[in-house]
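Quick look at structure13.csv (CSV, C-alpha atoms):
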```
chain,number,residue,atom,x,y,z
I,1450,MET,CA,108.3,-35.6,-65.4
I,1451,VAL,CA,110.7,-34.5,-68.1
I,1452,ARG,CA,108.8,-36.5,-70.7
I,1453,THR,CA,105.5,-34.9,-69.7
I,1454,ALA,CA,107.0,-31.4,-69.8
I,1455,MET,CA,108.4,-32.1,-73.3
I,1456,ILE,CA,105.0,-33.4,-74.5
I,1457,LEU,CA,103.3,-30.3,-73.1
I,1458,ALA,CA,105.9,-28.0,-74.7
I,1459,LEU,CA,105.6,-29.8,-78.0
I,1460,ALA,CA,101.8,-29.6,-77.9
I,1461,LEU,CA,101.9,-25.9,-77.0
I,1462,ALA,CA,104.4,-25.2,-79.8
I,1463,ALA,CA,102.3,-27.1,-82.3
I,1464,SER,CA,99.1,-25.3,-81.3
I,1465,GLY,CA,100.6,-21.8,-81.5
I,1466,CYS,CA,99.7,-21.8,-77.8
I,1467,GLY,CA,96.0,-21.2,-78.3
I,1468,TYR,CA,95.9,-18.9,-75.2
I,1469,ASN,CA,95.3,-15.7,-77.2
I,1470,GLN,CA,92.6,-17.3,-79.3
I,1471,LEU,CA,90.8,-18.5,-76.2
I,1472,VAL,CA,91.0,-15.0,-74.7
I,1473,SER,CA,89.7,-13.4,-77.9
I,1474,GLU,CA,86.8,-15.9,-78.2
I,1475,ARG,CA,86.0,-15.5,-74.5
I,1476,GLU,CA,85.8,-11.8,-75.0
I,1477,GLY,CA,83.5,-12.4,-78.0
I,1478,VAL,CA,81.2,-14.4,-75.7
I,1479,ASP,CA,81.2,-11.7,-73.1
I,1480,ALA,CA,80.5,-9.0,-75.6
I,1481,SER,CA,77.7,-11.0,-77.1
I,1482,TRP,CA,76.2,-11.6,-73.6
I,1483,SER,CA,76.4,-7.8,-73.0
I,1484,GLU,CA,74.2,-7.3,-76.1
I,1485,VAL,CA,71.7,-9.9,-74.8
I,1486,GLU,CA,71.6,-8.0,-71.5
I,1487,ASN,CA,71.2,-4.7,-73.4
I,1488,GLN,CA,68.1,-6.0,-75.2
I,1489,LEU,CA,66.7,-7.5,-72.0
I,1490,GLN,CA,67.0,-4.1,-70.4
I,1491,ARG,CA,65.2,-2.5,-73.4
I,1492,ARG,CA,62.4,-5.0,-73.0
I,1493,ASN,CA,62.3,-4.5,-69.2
I,1494,ASP,CA,62.0,-0.7,-69.8
I,1495,LEU,CA,59.0,-1.2,-72.2
I,1496,VAL,CA,57.1,-3.7,-70.1
I,1497,PRO,CA,55.8,-1.3,-67.4
I,1498,ASN,CA,54.4,1.0,-70.1
I,1499,LEU,CA,52.7,-1.9,-71.9
I,1500,VAL,CA,51.3,-3.2,-68.6
I,1501,SER,CA,50.0,0.2,-67.6
I,1502,THR,CA,48.3,0.6,-71.0
I,1503,VAL,CA,46.7,-2.8,-70.8
I,1504,LYS,CA,45.6,-2.3,-67.2
I,1505,GLY,CA,43.2,0.5,-68.2
I,1506,PHE,CA,41.4,-1.8,-70.6
I,1507,ALA,CA,41.8,-5.2,-68.9
I,1508,ALA,CA,41.5,-4.6,-65.2
I,1509,GLN,CA,40.0,-8.1,-64.6
I,1510,GLU,CA,43.1,-9.8,-66.1
I,1511,LYS,CA,45.1,-9.0,-63.0
I,1512,ASP,CA,46.7,-12.5,-62.9
I,1513,VAL,CA,48.4,-12.1,-66.3
I,1514,LEU,CA,49.6,-8.6,-65.4
I,1515,ILE,CA,51.0,-9.8,-62.1
I,1516,ARG,CA,52.9,-12.6,-63.8
I,1517,VAL,CA,54.4,-10.2,-66.3
I,1518,THR,CA,55.5,-7.8,-63.5
I,1519,GLU,CA,56.9,-10.6,-61.4
I,1520,ALA,CA,58.8,-12.1,-64.3
I,1521,ARG,CA,60.2,-8.7,-65.2
I,1522,SER,CA,61.5,-8.3,-61.6
I,1523,ARG,CA,63.2,-11.6,-61.8
I,1524,VAL,CA,65.0,-10.6,-64.9
I,1525,ALA,CA,66.1,-7.4,-63.3
I,1526,GLY,CA,67.3,-9.2,-60.1
I,1527,ALA,CA,69.1,-12.1,-61.9
I,1528,GLY,CA,72.8,-12.3,-61.0
I,1529,THR,CA,74.2,-14.9,-63.4
I,1530,PRO,CA,73.8,-15.5,-67.1
I,1531,GLN,CA,72.0,-18.8,-66.2
I,1532,GLN,CA,69.5,-17.0,-63.9
I,1533,THR,CA,69.0,-14.3,-66.5
I,1534,MET,CA,68.3,-16.9,-69.1
I,1535,GLU,CA,65.7,-18.6,-66.9
I,1536,ALA,CA,64.0,-15.3,-65.9
I,1537,SER,CA,64.0,-14.1,-69.5
I,1538,ASN,CA,62.3,-17.3,-70.6
I,1539,GLN,CA,59.6,-16.8,-67.9
I,1540,LEU,CA,59.1,-13.2,-69.0
I,1541,SER,CA,58.7,-14.3,-72.7
I,1542,SER,CA,56.1,-16.8,-71.6
I,1543,ALA,CA,54.2,-14.1,-69.5
I,1544,LEU,CA,54.4,-11.6,-72.4
I,1545,SER,CA,52.9,-14.2,-74.7
I,1546,ARG,CA,50.0,-14.7,-72.3
I,1547,LEU,CA,49.6,-10.9,-72.0
I,1548,LEU,CA,49.4,-10.5,-75.8
I,1549,LEU,CA,46.7,-13.2,-75.9
I,1550,VAL,CA,44.7,-11.2,-73.4
I,1551,VAL,CA,44.9,-8.2,-75.7
I,1552,GLU,CA,43.1,-10.2,-78.4
I,1553,ARG,CA,40.0,-10.0,-76.2
I,1554,TYR,CA,39.9,-6.2,-76.2
I,1555,PRO,CA,39.2,-4.6,-79.6
I,1556,ASP,CA,39.3,-1.1,-78.1
I,1557,LEU,CA,42.8,-1.7,-76.8
I,1558,LYS,CA,44.0,-3.1,-80.1
I,1559,SER,CA,43.0,0.2,-81.8
I,1560,ASN,CA,44.6,2.4,-79.1
I,1561,GLN,CA,47.6,4.2,-80.6
I,1562,ASN,CA,49.7,4.1,-77.5
I,1563,PHE,CA,49.2,0.4,-77.2
I,1564,LEU,CA,50.0,-0.2,-80.9
I,1565,ARG,CA,53.2,1.8,-80.6
I,1566,LEU,CA,54.2,-0.1,-77.5
I,1567,GLN,CA,53.3,-3.4,-79.1
I,1568,ASP,CA,55.5,-2.5,-82.2
I,1569,GLU,CA,58.4,-1.5,-79.9
I,1570,LEU,CA,58.0,-4.8,-78.0
I,1571,ALA,CA,57.9,-6.8,-81.2
I,1572,GLY,CA,61.0,-5.0,-82.4
I,1573,THR,CA,62.8,-5.6,-79.1
I,1574,GLU,CA,61.9,-9.3,-79.2
I,1575,ASN,CA,63.4,-9.5,-82.7
I,1576,ARG,CA,66.5,-7.7,-81.5
I,1577,LEU,CA,66.7,-10.1,-78.5
I,1578,ALA,CA,66.4,-13.1,-80.8
I,1579,VAL,CA,69.3,-11.8,-82.9
I,1580,ALA,CA,71.4,-11.1,-79.8
I,1581,ARG,CA,70.7,-14.6,-78.4
I,1582,LYS,CA,71.7,-16.1,-81.7
I,1583,ARG,CA,74.9,-14.1,-81.8
I,1584,TYR,CA,75.6,-15.1,-78.2
I,1585,ASN,CA,75.0,-18.8,-78.9
I,1586,ASP,CA,77.3,-18.5,-82.0
I,1587,ALA,CA,80.1,-17.0,-79.9
I,1588,VAL,CA,79.6,-19.7,-77.3
I,1589,ARG,CA,79.7,-22.4,-79.9
I,1590,THR,CA,83.0,-21.0,-81.3
I,1591,PHE,CA,84.5,-20.6,-77.9
I,1592,ASN,CA,83.4,-24.0,-76.6
I,1593,THR,CA,84.7,-25.7,-79.8
I,1594,THR,CA,88.1,-24.1,-79.5
I,1595,ALA,CA,88.3,-24.9,-75.7
I,1596,LYS,CA,87.5,-28.6,-76.4
I,1597,LYS,CA,89.8,-29.2,-79.3
I,1598,PHE,CA,93.2,-30.7,-78.9
I,1599,PRO,CA,95.7,-29.3,-78.1
I,1600,THR,CA,94.0,-26.0,-77.2
I,1601,ASN,CA,92.0,-28.0,-74.6
I,1602,LEU,CA,95.3,-28.4,-72.7
I,1603,MET,CA,95.8,-24.6,-72.6
I,1604,ALA,CA,92.1,-24.1,-71.7
I,1605,GLY,CA,92.4,-26.5,-68.7
I,1606,LEU,CA,95.7,-25.0,-67.6
I,1607,PHE,CA,94.4,-21.5,-67.5
I,1608,GLY,CA,90.8,-22.2,-66.3
I,1609,PHE,CA,88.9,-21.5,-69.5
I,1610,SER,CA,85.6,-23.4,-69.0
I,1611,VAL,CA,82.9,-23.9,-71.5
I,1612,ARG,CA,79.9,-21.6,-71.5
I,1613,ASP,CA,76.2,-22.4,-71.4
I,1614,TYR,CA,74.0,-21.7,-74.4
I,1615,PHE,CA,70.9,-19.6,-74.2
I,1616,GLU,CA,68.1,-22.1,-74.7
I,1617,ALA,CA,64.4,-21.6,-75.1
I,1618,PRO,CA,62.2,-23.1,-72.4
I,1619,GLU,CA,60.2,-26.3,-72.9
I,1620,SER,CA,57.0,-24.2,-73.0
I,1621,ALA,CA,58.2,-22.4,-76.1
I,1622,GLN,CA,57.6,-25.7,-78.0
I,1623,GLU,CA,53.8,-25.3,-77.6
I,1624,ALA,CA,51.8,-22.8,-79.5
I,1625,PRO,CA,49.7,-20.5,-77.3
I,1626,VAL,CA,46.0,-21.2,-77.3
I,1627,VAL,CA,43.7,-18.2,-78.1
I,1628,GLU,CA,40.1,-18.5,-76.8
I,1629,PHE,CA,37.4,-16.0,-77.2
```
Once you've parsed the file, please lay out its structure as C-alpha cells.
Amino acid sequence: MVRTAMILALALAASGCGYNQLVSEREGVDASWSEVENQLQRRNDLVPNLVSTVKGFAAQEKDVLIRVTEARSRVAGAGTPQQTMEASNQLSSALSRLLLVVERYPDLKSNQNFLRLQDELAGTENRLAVARKRYNDAVRTFNTTAKKFPTNLMAGLFGFSVRDYFEAPESAQEAPVVEF
C-alpha cells in the first residue's frame, strides 16, 4: 500500500500533476463543441426559409422536403453530442438531396431569395466544417493528453474520459447522383 502510494506520488510529481492541463483541454473541447452547436443552430434557422422557397417551385418533391424538415427536427431535439452528430449528418444528407432537386428547376435557380438563402447555407456549411475540424482538433489534443502516462493516472483518478470525434457518415463517401 505504501509502495503504491509512493509510486503514485512520484508519478504525480513527475507529471506536474496534469490535472490543470486536463481541465484546460476539456474546456477547449467544450468550447469547440459549443461552436459546432452554434453553427448547427444557424443552419437550422436557415433551413425553414430554404424549404419554404423551394416548396413554391417544387411542390411535387414533397418527400425530399419532408426529409429535410424531419432531419432538422432531430438536430433540434438531440440531447447528447453523439445524437447531435448523427442528426446533423442526416440533415447534411437531406440537404444534399434538396440541392439536387433544385437543379431540376431553372426558375428557382434564378430566384434572388433562393440564391441568397443558398449562399447563406453554403457559408454556414463551411463554418460548420471549420467548427467540426476545430472540435476534432480539441478532442484529439484532450484524448492524447488523457491517454499519455502519467497523466492517464490523473485522468482515471478524476474521471476524465475520452471524447468522441465528429465523424462524417458512411453516405458522405458517395458522390450524389444528379439526373435530369
Out of I:Met1534, I:Val1513, I:Leu1577, I:Val1503, which residue has the shortest atom-to-atom distance to I:Arg1491 when counting all atoms listed in the file?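 Residue with the minimum atom-to-atom distance to I:Arg1491: I:Leu1577.
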Using only C-alpha atoms, which residue out of I:Glu1474, I:Thr1573, I:Pro1530, I:Val1550 lies closest to I:Gln1490?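 The answer is I:Thr1573, which sits nearest to I:Gln1490.
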Provide the atom CA of I:Phe1563 to atom CA of I:Leu1547 distance in Å, to one decimal place.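 So the answer is 12.4 Å.
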Residues at most 10 Å from I:Glu1535, counting only C-alpha atoms, excluding those fewer than 2 positions away in the same chain, as a PDB file with C-alpha atoms, keeping the file's coordinate frame?
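Listed below is the output, selection10.pdb:
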```pdb
ATOM      1  CA  ALA I1520      58.800 -12.100 -64.300  1.00  0.00           C
ATOM      2  CA  ARG I1523      63.200 -11.600 -61.800  1.00  0.00           C
ATOM      3  CA  VAL I1524      65.000 -10.600 -64.900  1.00  0.00           C
ATOM      4  CA  ALA I1527      69.100 -12.100 -61.900  1.00  0.00           C
ATOM      5  CA  THR I1529      74.200 -14.900 -63.400  1.00  0.00           C
ATOM      6  CA  PRO I1530      73.800 -15.500 -67.100  1.00  0.00           C
ATOM      7  CA  GLN I1531      72.000 -18.800 -66.200  1.00  0.00           C
ATOM      8  CA  GLN I1532      69.500 -17.000 -63.900  1.00  0.00           C
ATOM      9  CA  THR I1533      69.000 -14.300 -66.500  1.00  0.00           C
ATOM     10  CA  SER I1537      64.000 -14.100 -69.500  1.00  0.00           C
ATOM     11  CA  ASN I1538      62.300 -17.300 -70.600  1.00  0.00           C
ATOM     12  CA  GLN I1539      59.600 -16.800 -67.900  1.00  0.00           C
ATOM     13  CA  LEU I1540      59.100 -13.200 -69.000  1.00  0.00           C
ATOM     14  CA  PHE I1615      70.900 -19.600 -74.200  1.00  0.00           C
ATOM     15  CA  GLU I1616      68.100 -22.100 -74.700  1.00  0.00           C
ATOM     16  CA  ALA I1617      64.400 -21.600 -75.100  1.00  0.00           C
ATOM     17  CA  PRO I1618      62.200 -23.100 -72.400  1.00  0.00           C
TER      18      PRO I1618
END
```
Counting all atoms listed in the file, which of I:Val1611, I:Leu1471, I:Ala1525, I:Leu1566 gets nearest to I:Val1500?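 That would be I:Leu1566, the residue with the smallest distance to I:Val1500.
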With distances taken over all atoms listed in the file, the candidate from I:Arg1475, I:Arg1492, I:Arg1516, I:Arg1452 nearest I:Ala1578 is I:Arg1492
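We find atom CA of I:Ser1541 and atom CA of I:Arg1521 to be spaced 9.5 Å apart.
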Put a box with edges along x, y and z around all the listed atoms of stretch 1511-1518 of chain I, pad it by 4 Å on each side, then give me its centre and sizes in Å, one decimal, as AutoDock Vina command-line options.
```
--center_x 50.3 --center_y -10.2 --center_z -64.2 --size_x 18.4 --size_y 12.8 --size_z 12.2
```
Compare I:Val1551, I:Leu1606, I:Leu1495, I:Val1472 by their minimum atom-to-atom distance to I:Thr1594, counting all atoms listed in the file, and give me the closest one.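 Closest to I:Thr1594 of all the choices is I:Val1472.
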Could you work out how far atom CA of I:Ser1542 lies from atom CA of I:Arg1576, giving the answer in Å with one decimal? 17.0 Å
For N, CA and C atoms, please extract stretch 1571-1584 of chain I from the block and return it as an mmCIF file, in the first residue's frame.
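Dumped everything to result.cif:
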```
data_model
loop_
_atom_site.group_PDB
_atom_site.id
_atom_site.type_symbol
_atom_site.label_atom_id
_atom_site.label_comp_id
_atom_site.auth_asym_id
_atom_site.auth_seq_id
_atom_site.Cartn_x
_atom_site.Cartn_y
_atom_site.Cartn_z
ATOM 1 N N ALA I 1571 -24.536 27.706 -47.905
ATOM 2 C CA ALA I 1571 -23.174 27.280 -48.266
ATOM 3 C C ALA I 1571 -22.163 27.864 -47.282
ATOM 4 N N GLY I 1572 -22.333 29.140 -46.936
ATOM 5 C CA GLY I 1572 -21.441 29.753 -45.951
ATOM 6 C C GLY I 1572 -21.547 29.080 -44.593
ATOM 7 N N THR I 1573 -22.762 28.728 -44.214
ATOM 8 C CA THR I 1573 -22.982 28.053 -42.935
ATOM 9 C C THR I 1573 -22.343 26.665 -42.941
ATOM 10 N N GLU I 1574 -22.480 25.957 -44.046
ATOM 11 C CA GLU I 1574 -21.869 24.630 -44.147
ATOM 12 C C GLU I 1574 -20.348 24.740 -44.034
ATOM 13 N N ASN I 1575 -19.770 25.789 -44.627
ATOM 14 C CA ASN I 1575 -18.325 25.995 -44.497
ATOM 15 C C ASN I 1575 -17.938 26.300 -43.053
ATOM 16 N N ARG I 1576 -18.715 27.165 -42.407
ATOM 17 C CA ARG I 1576 -18.444 27.479 -40.996
ATOM 18 C C ARG I 1576 -18.577 26.225 -40.128
ATOM 19 N N LEU I 1577 -19.575 25.419 -40.442
ATOM 20 C CA LEU I 1577 -19.792 24.181 -39.697
ATOM 21 C C LEU I 1577 -18.620 23.218 -39.892
ATOM 22 N N ALA I 1578 -18.108 23.141 -41.109
ATOM 23 C CA ALA I 1578 -16.950 22.276 -41.370
ATOM 24 C C ALA I 1578 -15.740 22.746 -40.562
ATOM 25 N N VAL I 1579 -15.536 24.054 -40.499
ATOM 26 C CA VAL I 1579 -14.423 24.591 -39.711
ATOM 27 C C VAL I 1579 -14.633 24.310 -38.225
ATOM 28 N N ALA I 1580 -15.856 24.503 -37.738
ATOM 29 C CA ALA I 1580 -16.153 24.243 -36.322
ATOM 30 C C ALA I 1580 -15.963 22.763 -35.985
ATOM 31 N N ARG I 1581 -16.380 21.888 -36.889
ATOM 32 C CA ARG I 1581 -16.178 20.447 -36.670
ATOM 33 C C ARG I 1581 -14.696 20.113 -36.612
ATOM 34 N N LYS I 1582 -13.903 20.710 -37.508
ATOM 35 C CA LYS I 1582 -12.462 20.453 -37.510
ATOM 36 C C LYS I 1582 -11.834 20.935 -36.205
ATOM 37 N N ARG I 1583 -12.207 22.126 -35.774
ATOM 38 C CA ARG I 1583 -11.664 22.644 -34.505
ATOM 39 C C ARG I 1583 -12.070 21.762 -33.331
ATOM 40 N N TYR I 1584 -13.303 21.288 -33.346
ATOM 41 C CA TYR I 1584 -13.758 20.379 -32.290
ATOM 42 C C TYR I 1584 -12.920 19.107 -32.306
#
```
